[in-house]
$ cat work37.txt   # compact mmCIF, C-alpha atoms
# COMPACT_ATOMS: atom_id res chain seq x y z
CA MET A 124 0.00 0.00 0.00
CA GLU A 125 2.88 2.40 0.79
CA ASP A 126 3.91 2.50 -2.86
CA ARG A 127 0.43 3.26 -4.22
CA GLY A 128 -1.11 6.66 -4.81
CA LEU A 129 -0.25 9.89 -3.05
CA LEU A 130 0.21 10.34 0.68
CA ILE A 131 -1.89 13.24 1.94
CA ALA A 132 0.19 15.68 3.98
CA GLN A 133 -2.39 18.43 4.53
CA VAL A 134 -6.11 19.00 4.10
CA LEU A 135 -7.04 22.65 3.68
CA PRO A 136 -9.75 23.86 6.09
CA GLY A 137 -13.16 24.36 4.50
CA SER A 138 -12.17 22.43 1.37
CA ILE A 139 -14.02 19.60 -0.36
CA ALA A 140 -11.46 17.17 1.06
CA ALA A 141 -12.18 18.43 4.58
CA GLU A 142 -15.91 17.93 4.04
CA MET A 143 -15.16 14.34 3.01
CA ASP A 144 -13.25 13.83 6.31
CA LEU A 145 -9.97 13.14 4.56
CA ALA A 146 -6.95 13.64 6.81
CA PRO A 147 -3.15 13.68 6.72
CA GLY A 148 -1.84 10.14 6.55
CA ASP A 149 -4.61 8.97 4.19
CA ARG A 150 -3.54 7.89 0.73
CA LEU A 151 -5.29 8.93 -2.50
CA ILE A 152 -5.22 5.92 -4.83
CA SER A 153 -7.26 6.73 -7.93
CA ILE A 154 -9.68 9.19 -9.54
CA ASN A 155 -12.39 7.93 -11.89
CA GLY A 156 -10.65 4.57 -12.09
CA SER A 157 -7.28 6.03 -13.15
CA GLU A 158 -4.33 5.49 -10.83
CA VAL A 159 -2.90 8.69 -9.37
CA ARG A 160 0.87 8.30 -9.48
CA ASP A 161 1.97 11.86 -8.86
CA LEU A 162 0.84 15.47 -8.65
CA ILE A 163 0.61 15.72 -12.43
CA ASP A 164 -1.95 12.90 -12.58
CA PHE A 165 -3.85 14.46 -9.70
CA ARG A 166 -4.04 17.90 -11.30
CA PHE A 167 -5.05 16.39 -14.64
CA PHE A 168 -7.86 14.21 -13.23
CA GLU A 169 -8.99 16.73 -10.60
CA THR A 170 -10.40 19.08 -13.23
CA GLU A 171 -13.36 16.79 -13.97
CA GLU A 172 -16.65 17.93 -12.47
CA ASN A 173 -17.78 14.47 -11.38
CA LEU A 174 -15.19 12.43 -9.51
CA THR A 175 -15.11 8.97 -7.99
CA ILE A 176 -12.17 8.93 -5.60
CA GLU A 177 -10.56 5.84 -4.08
CA VAL A 178 -8.81 6.42 -0.77
CA ILE A 179 -7.05 4.19 1.75
CA THR A 180 -7.16 5.82 5.18
CA ALA A 181 -4.31 5.88 7.65
CA ALA A 182 -6.21 3.19 9.57
CA GLY A 183 -6.23 0.94 6.48
CA GLU A 184 -9.89 1.41 5.52
CA GLU A 185 -10.81 1.58 1.82
CA TRP A 186 -13.13 4.44 0.92
CA VAL A 187 -14.83 5.23 -2.40
CA LEU A 188 -16.10 8.80 -2.49
CA ASP A 189 -18.26 10.54 -5.09
CA VAL A 190 -17.74 14.26 -5.64
CA GLU A 191 -19.57 16.86 -7.70
CA LYS A 192 -17.76 20.16 -8.11
CA ASP A 193 -17.05 23.04 -10.49
CA TYR A 194 -14.45 22.56 -13.21
CA ASP A 195 -11.99 25.02 -11.64
CA GLN A 196 -12.61 24.00 -8.02
CA ASP A 197 -9.81 22.04 -6.37
CA LEU A 198 -10.16 19.42 -3.68
CA GLY A 199 -7.91 21.17 -1.15
CA LEU A 200 -5.19 18.56 -0.77
CA GLU A 201 -1.43 18.83 -0.38
CA PHE A 202 0.81 15.79 -0.63
CA ALA A 203 4.03 14.52 0.90
CA ASP A 204 7.24 14.96 -1.12
CA GLY A 205 5.54 17.68 -3.15
CA GLY A 206 3.32 15.06 -4.73
CA PHE A 207 6.10 13.61 -6.86
CA GLY A 208 7.36 10.82 -4.64
CA ARG A 209 10.71 9.45 -5.66
CA THR A 210 12.63 11.69 -8.05
CA THR A 211 14.17 10.00 -11.07
CA TRP A 212 17.91 10.50 -10.72
CA CYS A 213 20.34 10.95 -13.58
CA SER A 214 21.86 7.72 -14.86
CA ASN A 215 24.24 9.41 -17.30
CA GLN A 216 27.97 9.82 -16.99
CA CYS A 217 28.32 13.07 -18.93
CA ILE A 218 31.87 13.99 -19.80
CA PHE A 219 31.18 17.61 -18.77
CA CYS A 220 29.01 17.02 -15.68
CA PHE A 221 29.55 19.89 -13.25
CA VAL A 222 28.42 17.84 -10.26
CA ASP A 223 31.24 15.37 -10.91
CA GLN A 224 33.65 18.31 -10.67
CA MET A 225 32.53 19.40 -7.21
CA PRO A 226 34.87 19.16 -4.23
CA PRO A 227 33.82 16.94 -1.32
CA ALA A 228 32.14 18.07 1.88
CA LEU A 229 29.80 20.71 0.45
CA ARG A 230 26.10 20.68 1.31
CA LYS A 231 24.27 17.61 0.03
CA SER A 232 21.92 19.49 -2.30
CA LEU A 233 24.87 20.43 -4.53
CA TYR A 234 25.47 16.79 -5.45
CA ILE A 235 21.93 16.01 -6.56
CA LYS A 236 21.50 15.09 -10.23
CA ASP A 237 17.86 14.70 -11.20
CA ASP A 238 16.72 13.72 -14.69
CA ASP A 239 12.96 13.61 -14.17
CA TYR A 240 10.66 14.64 -17.03
CA ARG A 241 7.95 15.55 -14.52
CA LEU A 242 10.21 18.17 -12.91
CA SER A 243 11.13 19.47 -16.35
CA PHE A 244 7.46 20.21 -16.97
CA TRP A 245 6.72 21.39 -13.43
CA SER A 246 9.85 23.38 -12.60
CA GLY A 247 11.75 23.93 -15.85
CA ASN A 248 14.60 21.54 -15.04
CA PHE A 249 16.66 20.41 -18.01
CA ILE A 250 16.53 16.67 -18.71
CA THR A 251 18.23 14.36 -21.23
CA LEU A 252 15.39 11.87 -22.01
CA SER A 253 17.96 9.06 -21.82
CA ASN A 254 15.91 7.35 -19.10
CA VAL A 255 12.53 7.95 -20.78
CA GLY A 256 10.99 4.94 -22.51
CA ASP A 257 8.01 4.62 -24.82
CA GLU A 258 5.51 4.46 -21.94
CA GLU A 259 6.79 7.73 -20.45
CA LEU A 260 6.85 9.42 -23.86
CA GLU A 261 3.26 8.41 -24.43
CA ARG A 262 2.30 9.74 -21.02
CA ILE A 263 3.95 13.07 -21.80
CA ALA A 264 1.95 13.24 -25.02
CA ARG A 265 -1.32 12.09 -23.42
CA LEU A 266 -1.13 14.57 -20.53
CA ARG A 267 0.35 17.27 -22.77
CA LEU A 268 3.24 17.98 -20.42
CA SER A 269 4.45 21.08 -22.19
CA PRO A 270 6.83 22.82 -22.31
CA LEU A 271 9.78 20.55 -21.58
CA TYR A 272 13.43 21.59 -21.22
CA ILE A 273 15.84 19.18 -22.86
CA SER A 274 19.63 18.94 -22.86
CA VAL A 275 20.52 17.76 -26.36
CA HIS A 276 24.24 18.64 -26.77
CA THR A 277 24.37 16.82 -30.12
CA THR A 278 21.97 14.99 -32.40
CA ASN A 279 24.77 12.67 -33.60
CA PRO A 280 23.66 9.37 -31.99
CA GLU A 281 27.13 7.92 -31.48
CA LEU A 282 28.63 11.16 -30.22
CA ARG A 283 25.75 11.71 -27.81
CA ARG A 284 26.21 8.20 -26.41
CA VAL A 285 29.83 9.10 -25.73
CA MET A 286 29.09 12.55 -24.30
CA LEU A 287 26.38 11.26 -21.96
CA GLY A 288 28.00 7.89 -21.23
CA ASN A 289 24.68 6.19 -21.85
CA LYS A 290 23.75 3.71 -24.58
CA ARG A 291 20.18 5.06 -24.76
CA ALA A 292 21.36 8.62 -25.36
CA GLY A 293 21.52 8.06 -29.11
CA LEU A 294 17.73 7.97 -29.37
CA ILE A 295 17.35 11.71 -28.84
CA LEU A 296 16.34 12.77 -32.34
CA GLU A 297 13.57 10.21 -32.68
CA GLN A 298 12.35 11.09 -29.18
CA LEU A 299 12.21 14.76 -30.10
CA LYS A 300 10.36 13.95 -33.30
CA PHE A 301 7.78 11.92 -31.38
CA LEU A 302 7.21 14.75 -28.89
CA ALA A 303 7.00 17.27 -31.72
CA SER A 304 4.36 15.17 -33.48
CA ALA A 305 2.38 15.18 -30.23
CA GLY A 306 2.46 18.98 -30.08
CA ILE A 307 4.84 19.23 -27.11
CA GLU A 308 6.79 22.49 -26.92
CA MET A 309 10.48 22.04 -26.13
CA HIS A 310 13.32 24.35 -25.16
CA THR A 311 16.74 22.81 -25.76
CA GLN A 312 20.35 23.40 -24.86
CA ILE A 313 23.85 22.51 -25.99
CA VAL A 314 26.79 22.52 -23.59
CA LEU A 315 29.58 23.33 -26.02
CA CYS A 316 32.79 21.35 -25.48
CA PRO A 317 35.64 22.51 -27.74
CA GLY A 318 36.85 19.78 -30.06
CA ILE A 319 33.88 17.54 -29.18
CA ASN A 320 30.52 18.94 -30.30
CA ASP A 321 31.52 22.20 -31.93
CA GLY A 322 32.30 22.97 -35.57
CA ARG A 323 30.48 20.71 -38.00
CA GLU A 324 28.77 18.82 -35.15
CA LEU A 325 27.31 22.07 -33.85
CA GLU A 326 26.11 23.04 -37.32
CA ASN A 327 24.37 19.70 -37.82
CA THR A 328 22.76 19.76 -34.39
CA VAL A 329 21.42 23.29 -34.83
CA ARG A 330 19.93 22.45 -38.21
CA ASP A 331 18.40 19.19 -36.95
CA LEU A 332 16.71 21.00 -34.08
CA ALA A 333 15.61 23.93 -36.22
CA GLY A 334 13.96 21.38 -38.49
CA LEU A 335 11.60 20.61 -35.59
CA TRP A 336 10.58 24.24 -35.07
CA PRO A 337 8.12 25.43 -33.75
CA SER A 338 7.80 22.40 -31.46
CA VAL A 339 11.46 22.85 -30.60
CA SER A 340 10.97 26.54 -29.99
CA SER A 341 14.41 27.61 -28.78
CA LEU A 342 18.00 26.44 -28.47
CA ALA A 343 20.68 27.85 -26.16
CA VAL A 344 24.39 27.23 -26.61
CA VAL A 345 26.36 27.54 -23.37
CA PRO A 346 30.10 27.01 -22.79
CA VAL A 347 31.31 24.04 -20.79
CA GLY A 348 32.21 24.88 -17.19
CA LEU A 349 35.36 23.29 -15.78
CA THR A 350 36.62 23.33 -12.20
CA GLN A 351 39.98 22.30 -10.83
CA PHE A 352 38.48 19.06 -9.46
CA ARG A 353 38.72 17.04 -12.68
CA GLU A 354 41.42 14.53 -11.83
CA SER A 355 39.46 11.48 -13.02
CA CYS A 356 37.21 13.24 -15.54
CA TYR A 357 37.19 13.20 -19.33
CA PRO A 358 39.88 15.58 -20.71
CA LEU A 359 38.19 18.83 -21.71
CA ARG A 360 39.24 22.45 -22.05
CA ASN A 361 37.55 25.81 -21.86
CA VAL A 362 36.27 27.81 -24.81
CA THR A 363 38.92 30.35 -25.79
CA PRO A 364 38.13 34.02 -26.54
CA ALA A 365 38.84 33.38 -30.23
CA GLU A 366 36.48 30.39 -30.26
CA ALA A 367 33.85 32.41 -28.41
CA HIS A 368 34.09 35.08 -31.11
CA GLN A 369 33.64 32.45 -33.83
CA VAL A 370 30.58 30.98 -32.11
CA VAL A 371 29.00 34.41 -31.58
CA GLU A 372 29.58 35.30 -35.23
CA TRP A 373 28.30 31.95 -36.52
CA VAL A 374 25.18 31.99 -34.35
CA GLY A 375 24.47 35.57 -35.44
CA LEU A 376 24.43 34.44 -39.08
CA ARG A 377 22.15 31.51 -38.26
CA GLN A 378 19.77 33.84 -36.42
CA ASP A 379 19.51 35.99 -39.53
CA GLU A 380 18.70 32.88 -41.58
CA PHE A 381 16.08 31.65 -39.14
CA LEU A 382 14.48 35.07 -38.85
CA ALA A 383 14.10 35.12 -42.62
CA GLY A 384 12.85 31.54 -42.86
CA LEU A 385 11.01 30.96 -39.59
CA GLY A 386 10.30 34.45 -38.36
CA ASP A 387 12.21 33.58 -35.18
CA PRO A 388 15.93 33.69 -34.28
CA PHE A 389 15.59 30.22 -32.67
CA VAL A 390 19.22 29.78 -31.53
CA PHE A 391 20.99 31.87 -28.89
CA VAL A 392 24.32 31.88 -27.13
CA SER A 393 24.63 32.54 -23.43
CA ASP A 394 25.95 35.88 -22.19
CA GLU A 395 29.27 34.25 -21.28
CA PHE A 396 30.14 33.92 -24.96
CA TYR A 397 29.77 37.66 -25.58
CA LEU A 398 31.75 38.60 -22.47
CA LEU A 399 34.49 36.09 -23.23
CA ALA A 400 34.72 37.28 -26.83
CA GLY A 401 34.75 40.94 -25.80
CA GLU A 402 31.57 41.53 -27.80
CA GLN A 403 28.58 43.71 -26.96
CA VAL A 404 25.47 41.75 -26.04
CA PRO A 405 22.67 42.10 -28.63
CA PRO A 406 19.85 44.65 -28.29
CA LEU A 407 16.64 43.90 -26.43
CA ASP A 408 14.61 42.89 -29.47
CA SER A 409 17.12 40.19 -30.43
CA TYR A 410 16.02 37.83 -27.67
CA ALA A 411 12.51 36.93 -28.90
CA GLY A 412 10.88 37.20 -25.48
CA PHE A 413 13.85 35.73 -23.57
CA PRO A 414 12.93 32.02 -23.65
CA GLN A 415 16.27 30.92 -22.18
CA LEU A 416 16.88 33.26 -19.25
CA GLU A 417 17.64 30.36 -16.91
CA ASN A 418 20.54 29.48 -19.21
CA GLY A 419 21.98 32.95 -18.86
CA VAL A 420 20.73 34.08 -22.28
CA GLY A 421 19.89 37.76 -22.08
CA LEU A 422 20.43 38.46 -18.39
CA VAL A 423 23.18 40.97 -19.16
CA ARG A 424 20.93 42.76 -21.63
CA LEU A 425 18.14 43.00 -19.04
CA PHE A 426 20.68 44.25 -16.50
CA LEU A 427 21.87 46.98 -18.87
CA GLU A 428 18.31 47.96 -19.78
CA GLU A 429 17.46 48.34 -16.11
CA TRP A 430 20.61 50.39 -15.58
CA GLU A 431 19.65 52.73 -18.42
CA GLU A 432 16.27 53.30 -16.73
CA VAL A 433 17.76 53.85 -13.30
CA ARG A 434 20.54 56.19 -14.37
CA GLN A 435 18.01 58.73 -15.68
CA ASP A 436 16.96 59.55 -12.12
CA LEU A 437 20.35 59.50 -10.38
CA PRO A 438 21.03 62.45 -8.09
CA LEU A 439 23.85 64.84 -8.89
CA GLU A 440 25.27 64.66 -5.38
CA ILE A 441 24.96 62.59 -2.20
CA GLU A 442 26.61 62.54 1.21
CA PRO A 443 30.18 61.17 0.96
CA LEU A 444 30.03 57.38 0.50
CA LYS A 445 32.68 54.86 -0.46
CA VAL A 446 31.41 51.51 -1.74
CA THR A 447 32.99 48.28 -2.97
CA ILE A 448 31.08 45.94 -5.30
CA ALA A 449 32.51 42.40 -5.33
CA THR A 450 31.82 40.19 -8.33
CA GLY A 451 33.23 37.42 -10.51
CA VAL A 452 35.56 37.86 -13.47
CA LEU A 453 32.82 38.04 -16.10
CA GLY A 454 30.48 40.07 -13.93
CA ALA A 455 33.15 42.71 -13.47
CA ILE A 456 33.07 43.46 -17.20
CA VAL A 457 29.45 44.59 -16.90
CA LEU A 458 29.62 46.19 -13.47
CA ARG A 459 32.49 48.45 -14.44
CA GLN A 460 30.11 50.18 -16.85
CA VAL A 461 27.67 50.76 -14.00
CA ALA A 462 30.40 51.93 -11.63
CA ALA A 463 31.60 54.48 -14.18
CA GLY A 464 28.11 55.98 -14.27
CA LEU A 465 27.71 55.96 -10.49
CA ASN A 466 31.06 57.65 -9.98
CA LYS A 467 29.71 60.72 -11.80
CA ILE A 468 27.62 61.39 -8.69
CA LYS A 469 29.47 63.88 -6.50
CA GLY A 470 30.32 62.35 -3.15
CA LEU A 471 30.06 58.73 -4.33
CA GLN A 472 33.06 56.50 -4.89
CA VAL A 473 32.35 53.02 -6.26
CA THR A 474 35.06 50.41 -6.78
CA VAL A 475 34.50 47.06 -8.51
CA LYS A 476 36.50 44.27 -6.89
CA THR A 477 37.04 41.27 -9.16
CA ILE A 478 37.11 37.98 -7.23
CA GLU A 479 39.21 35.21 -8.75
CA ASN A 480 37.75 31.77 -8.12
CA THR A 481 40.42 29.90 -6.20
CA PHE A 482 37.84 27.55 -4.69
CA PHE A 483 36.70 25.97 -7.97
CA GLY A 484 39.72 27.10 -9.99
CA GLU A 485 40.59 30.09 -12.14
CA ARG A 486 38.78 28.62 -15.16
CA VAL A 487 35.47 29.29 -13.36
CA THR A 488 34.67 32.95 -14.01
CA VAL A 489 30.93 33.34 -13.38
CA THR A 490 29.74 35.37 -10.40
CA GLY A 491 27.27 32.74 -9.21
CA LEU A 492 30.11 30.39 -8.23
CA VAL A 493 32.06 32.86 -6.10
CA THR A 494 32.37 31.51 -2.55
CA GLY A 495 32.39 33.17 0.81
CA GLN A 496 35.94 32.06 1.50
CA ASP A 497 37.23 33.64 -1.71
CA LEU A 498 35.52 36.89 -0.74
CA MET A 499 37.12 36.77 2.69
CA ASP A 500 40.56 35.99 1.29
CA GLN A 501 40.60 38.57 -1.49
CA ILE A 502 38.86 41.61 -0.05
CA ASP A 503 41.00 43.93 2.05
CA PRO A 504 38.80 45.27 4.88
CA ARG A 505 40.79 48.50 4.88
CA LYS A 506 39.77 49.24 1.29
CA ILE A 507 36.05 48.43 1.41
CA GLY A 508 34.91 51.82 2.57
CA ASP A 509 31.45 52.24 4.05
CA LEU A 510 29.61 49.35 2.38
CA LEU A 511 30.28 46.06 0.60
CA VAL A 512 27.77 45.18 -2.11
CA LEU A 513 27.29 41.62 -3.37
CA PRO A 514 25.21 40.34 -6.32
CA ALA A 515 22.45 38.08 -4.98
CA VAL A 516 23.37 35.33 -7.45
CA MET A 517 26.28 34.44 -5.16
CA LEU A 518 23.85 33.25 -2.51
CA LYS A 519 21.66 30.17 -2.27
CA GLU A 520 19.01 28.84 0.10
CA GLU A 521 16.95 31.90 0.94
CA GLY A 522 19.78 34.31 0.29
CA GLU A 523 21.94 33.48 3.30
CA LEU A 524 24.44 30.85 2.20
CA PHE A 525 27.34 30.90 -0.22
CA LEU A 526 28.19 27.67 -2.03
CA ASP A 527 30.80 26.80 0.62
CA SER A 528 28.11 27.20 3.34
CA LEU A 529 29.57 30.39 4.78
CA THR A 530 26.93 33.04 5.41
CA VAL A 531 26.66 36.75 4.73
CA ALA A 532 26.84 37.27 8.48
CA ASP A 533 30.13 35.32 8.57
CA LEU A 534 31.51 37.56 5.83
CA ALA A 535 30.33 40.79 7.50
CA GLU A 536 31.84 39.71 10.80
CA ARG A 537 35.16 38.69 9.27
CA LEU A 538 35.53 41.88 7.21
CA LYS A 539 33.96 44.11 9.87
CA THR A 540 31.69 45.80 7.35
CA ARG A 541 28.08 46.29 6.40
CA VAL A 542 26.92 44.15 3.48
CA ALA A 543 24.09 44.78 1.04
CA VAL A 544 23.00 41.96 -1.28
CA VAL A 545 21.29 43.33 -4.37
CA LYS A 546 19.46 41.88 -7.32
CA GLY A 547 20.28 44.42 -10.00
CA PRO A 548 20.89 48.11 -10.77
CA ARG A 549 17.68 49.37 -9.17
CA GLN A 550 18.35 47.69 -5.85
CA LEU A 551 22.01 48.69 -6.07
CA VAL A 552 21.07 52.36 -6.37
CA GLU A 553 18.51 51.99 -3.58
CA ALA A 554 21.19 50.53 -1.30
CA LEU A 555 23.59 53.37 -2.09
CA LEU A 556 21.06 56.15 -1.64
CA GLU A 557 19.70 54.74 1.61
CA GLY A 558 23.22 54.52 3.02
CA PRO A 559 25.10 51.73 4.79
CA GLU A 560 23.13 52.10 8.02
CA HIS A 561 20.11 50.70 6.17
CA ALA A 562 21.95 47.85 4.45
CA GLU A 563 19.79 44.77 4.18
CA LEU A 564 19.56 41.63 2.09
CA PHE A 565 17.77 42.21 -1.20
CA VAL A 566 17.36 38.62 -2.38
CA GLU A 567 15.08 37.22 -5.07
CA ASP A 568 14.94 34.06 -7.15
CA ARG A 569 16.99 35.34 -10.05
CA ASP A 570 19.94 37.63 -10.42
CA TYR A 571 21.73 39.19 -13.36
$ encode --input "work37.txt" --output "structure tokens"
Amino acid sequence: MEDRGLLIAQVLPGSIAAEMDLAPGDRLISINGSEVRDLIDFRFFETEENLTIEVITAAGEEWVLDVEKDYDQDLGLEFADGGFGRTTWCSNQCIFCFVDQMPPALRKSLYIKDDDYRLSFWSGNFITLSNVGDEELERIARLRLSPLYISVHTTNPELRRVMLGNKRAGLILEQLKFLASAGIEMHTQIVLCPGINDGRELENTVRDLAGLWPSVSSLAVVPVGLTQFRESCYPLRNVTPAEAHQVVEWVGLRQDEFLAGLGDPFVFVSDEFYLLAGEQVPPLDSYAGFPQLENGVGLVRLFLEEWEEVRQDLPLEIEPLKVTIATGVLGAIVLRQVAAGLNKIKGLQVTVKTIENTFFGERVTVTGLVTGQDLMDQIDPRKIGDLLVLPAVMLKEEGELFLDSLTVADLAERLKTRVAVVKGPRQLVEALLEGPEHAELFVEDRDY
């Protein structure tokens, strides 16, 4: 019985479920004769107006309940484990897997590798489909679980088997074609590994995926990320600035082609490519609604657009204030532009401090992987001034913890300074204008 249905964790007061005397510990087994395996099944079947519900109570009694309700009226149930039960973990051995490059003794959540199509639909997680068989594909189609987010990397079957370390990985193109025929929208990504899936392989993959447009509605190309903890990993190297320039130029040409043929740019490169190549990020209208923000496609452009709005209302003068903004290597390229504008305000002195990543290795240049220890080691307390500002992307778990589990409070205590954590230009300016005595944590789900 423990493996059947969904375990009820909470019954909302005044709900239909409460009127039926359902209680935490009961288990919902089926609706209208269809087994309820997870929250997706429940939400799909719950929309019917006439329901026959099978329940096994915590005491082991079997109940069959009939319900009449409105189409948009829910039953008022919440389930254990978020209603998904056991997560399907990744069975691949990807040659570029970032989790395999993590040092030991970090918090457990950093080592989790899920590859669950349900979480792709529900939360936007990228999956590989290498563990999805015909039954799961048919369920995706039947329940119209759309959109999905799929890590493709290459459509070359043999190369994908090698890159993912999984014999089933070579089925990707036929899986995508099946989902496309079922009307499932898909957003895809390629982790670009120099000498592996670039060049002609990249060209073929992009054209294969574009051939499935509009079902495959977008494709992001992101550079491989490599840490210093790769002793037993597949030999890979970083994208060079010259290679980044080539990719940016090539993708720009493909976007022009797709705009002419499809009316959509379709393929994008992540912001890292532009920064690495020393190129300006494209204008706002080049991102087609920003379908790949979670892959870092367009975040810099949104940051700069917000800065342009904010700078229009900057004061000419403030009380004397010296501020240090700490950021990663790539982030410093963008923040220096902002600092130059802020330093035009009389009384304000803003310095951008670039933090080298000694924790993960110098090849890691993104701001989101800067650790508390690197901040402590590289920031001179005597040079901070009145306030230290951090981008919120450095922090995880409700905005308090760095990746190495040090906290903002630890950093403030060690450096003997006030710390403001900001999301973007608007919150940065707010923190500066309010002054260090009002420094607080401005933390949201996404940072630039």
$ closest_atom_pairs --input "work37.txt" --of "region 283-342 of chain A" --to "region 217-237 of chain A" --cutoff "6 Å" --atoms "all atoms listed in the file" --output "JSON lines"
{"residue": "A:Met286", "atom": "CA", "partner": "A:Cys217", "partner_atom": "CA", "distance": 5.4}
{"residue": "A:Leu287", "atom": "CA", "partner": "A:Cys217", "partner_atom": "CA", "distance": 4.0}
{"residue": "A:Gly288", "atom": "CA", "partner": "A:Cys217", "partner_atom": "CA", "distance": 5.7}
$ atom_distance --input "work37.txt" --atom1 "CA of Phe165 (chain A)" --atom2 "CA of Phe249 (chain A)"
22.9 Å
$ closest_residue --input "work37.txt" --among "A:Glu479, A:Glu185, A:Asp164, A:Glu177" --to "Phe207 (chain A)" --atoms "only C-alpha atoms"
A:Asp164
$ atom_distance --input "work37.txt" --atom1 "CA of Gly495 (chain A)" --atom2 "CA of Leu511 (chain A)"
13.1 Å
$ closest_residue --input "work37.txt" --among "A:Glu297, A:Asp503, A:Glu354, A:Asp394" --to "Leu332 (chain A)" --atoms "only C-alpha atoms"
A:Glu297
$ closest_residue --input "work37.txt" --among "A:Val370, A:Ala543, A:Ala333, A:Ala365" --to "Val345 (chain A)" --atoms "all atoms listed in the file"
A:Val370
$ closest_residue --input "work37.txt" --among "A:Pro414, A:Gly386, A:Leu556, A:Arg267" --to "Gly470 (chain A)" --atoms "all atoms listed in the file"
A:Leu556
$ atom_distance --input "work37.txt" --atom1 "CA of Ile176 (chain A)" --atom2 "CA of Ser153 (chain A)"
5.9 Å
$ residues_around --input "work37.txt" --residues "Arg291 (chain A)" --least-positions-apart "5" --cutoff "10 Å" --atoms "all atoms listed in the file" --output "list in words"
Asn215, Leu252, Ser253, Asn254, Val255, Gly256, Pro280, Arg283 and Arg284 of chain A
$ closest_residue --input "work37.txt" --among "A:Lys546, A:Glu191, A:Val178, A:Val475" --to "Gly451 (chain A)" --atoms "all atoms listed in the file"
A:Val475
$ residues_around --input "work37.txt" --residues "region 421-431 of chain A" --least-positions-apart "3" --cutoff "8 Å" --atoms "all atoms listed in the file" --output "number ranges by chain"
A: 393-394, 404-407, 410, 413, 415-416, 434-435, 457, 461, 547-549, 571
$ residues_around --input "work37.txt" --residues "region 313-316 of chain A" --least-positions-apart "2" --cutoff "6 Å" --atoms "only C-alpha atoms" --output "PDB file with C-alpha atoms, in the coordinates of the input"
ATOM      1  CA  VAL A 275      20.520  17.760 -26.360  1.00  0.00           C
ATOM      2  CA  HIS A 276      24.240  18.640 -26.770  1.00  0.00           C
ATOM      3  CA  ILE A 319      33.880  17.540 -29.180  1.00  0.00           C
ATOM      4  CA  ASN A 320      30.520  18.940 -30.300  1.00  0.00           C
ATOM      5  CA  VAL A 344      24.390  27.230 -26.610  1.00  0.00           C
ATOM      6  CA  VAL A 345      26.360  27.540 -23.370  1.00  0.00           C
ATOM      7  CA  PRO A 346      30.100  27.010 -22.790  1.00  0.00           C
ATOM      8  CA  VAL A 347      31.310  24.040 -20.790  1.00  0.00           C
TER       9      VAL A 347
END
$ axis_aligned_box --input "work37.txt" --around "region 223-226 of chain A" --padding-each-side "5 Å" --output "lines of an AutoDock Vina configuration file"
center_x = 33.1
center_y = 17.4
center_z = -7.6
size_x = 13.6
size_y = 14.0
size_z = 16.7
$ residues_near_point --input "work37.txt" --point "(-14.7, 12.0, -9.3)" --cutoff "10 Å" --atoms "all atoms listed in the file" --output "list in words"
Ser153, Ile154, Asn155, Gly156, Phe168, Glu169, Thr170, Glu171, Glu172, Asn173, Leu174, Thr175, Ile176, Glu177, Val187, Leu188, Asp189, Val190, Glu191 and Lys192 of chain A
$ closest_residue --input "work37.txt" --among "A:Ser243, A:Leu294, A:Trp186, A:His368" --to "Met309 (chain A)" --atoms "all atoms listed in the file"
A:Ser243
$ residues_around --input "work37.txt" --residues "region 302-306 of chain A" --least-positions-apart "5" --cutoff "9 Å" --atoms "only C-alpha atoms" --output "list in words"
Leu260, Glu261, Ile263, Ala264, Arg265, Arg267, Ser269, Glu297, Leu335, Trp336, Pro337, Ser338 and Val339 of chain A
$ residues_around --input "work37.txt" --residues "Glu281 (chain A)" --least-positions-apart "4" --cutoff "10 Å" --atoms "all atoms listed in the file" --output "list of chain:residue names"
A:Thr277, A:Val285, A:Met286, A:Lys290, A:Ala292, A:Gly293, A:Leu294
$ residues_near_point --input "work37.txt" --point "(11.6, 18.0, -18.8)" --cutoff "9 Å" --atoms "all atoms listed in the file" --output "list in words"
Asp238, Asp239, Tyr240, Arg241, Leu242, Ser243, Phe244, Trp245, Ser246, Gly247, Asn248, Phe249, Ile250, Thr251, Leu252, Leu268, Ser269, Pro270, Leu271, Tyr272, Ile273 and Met309 of chain A
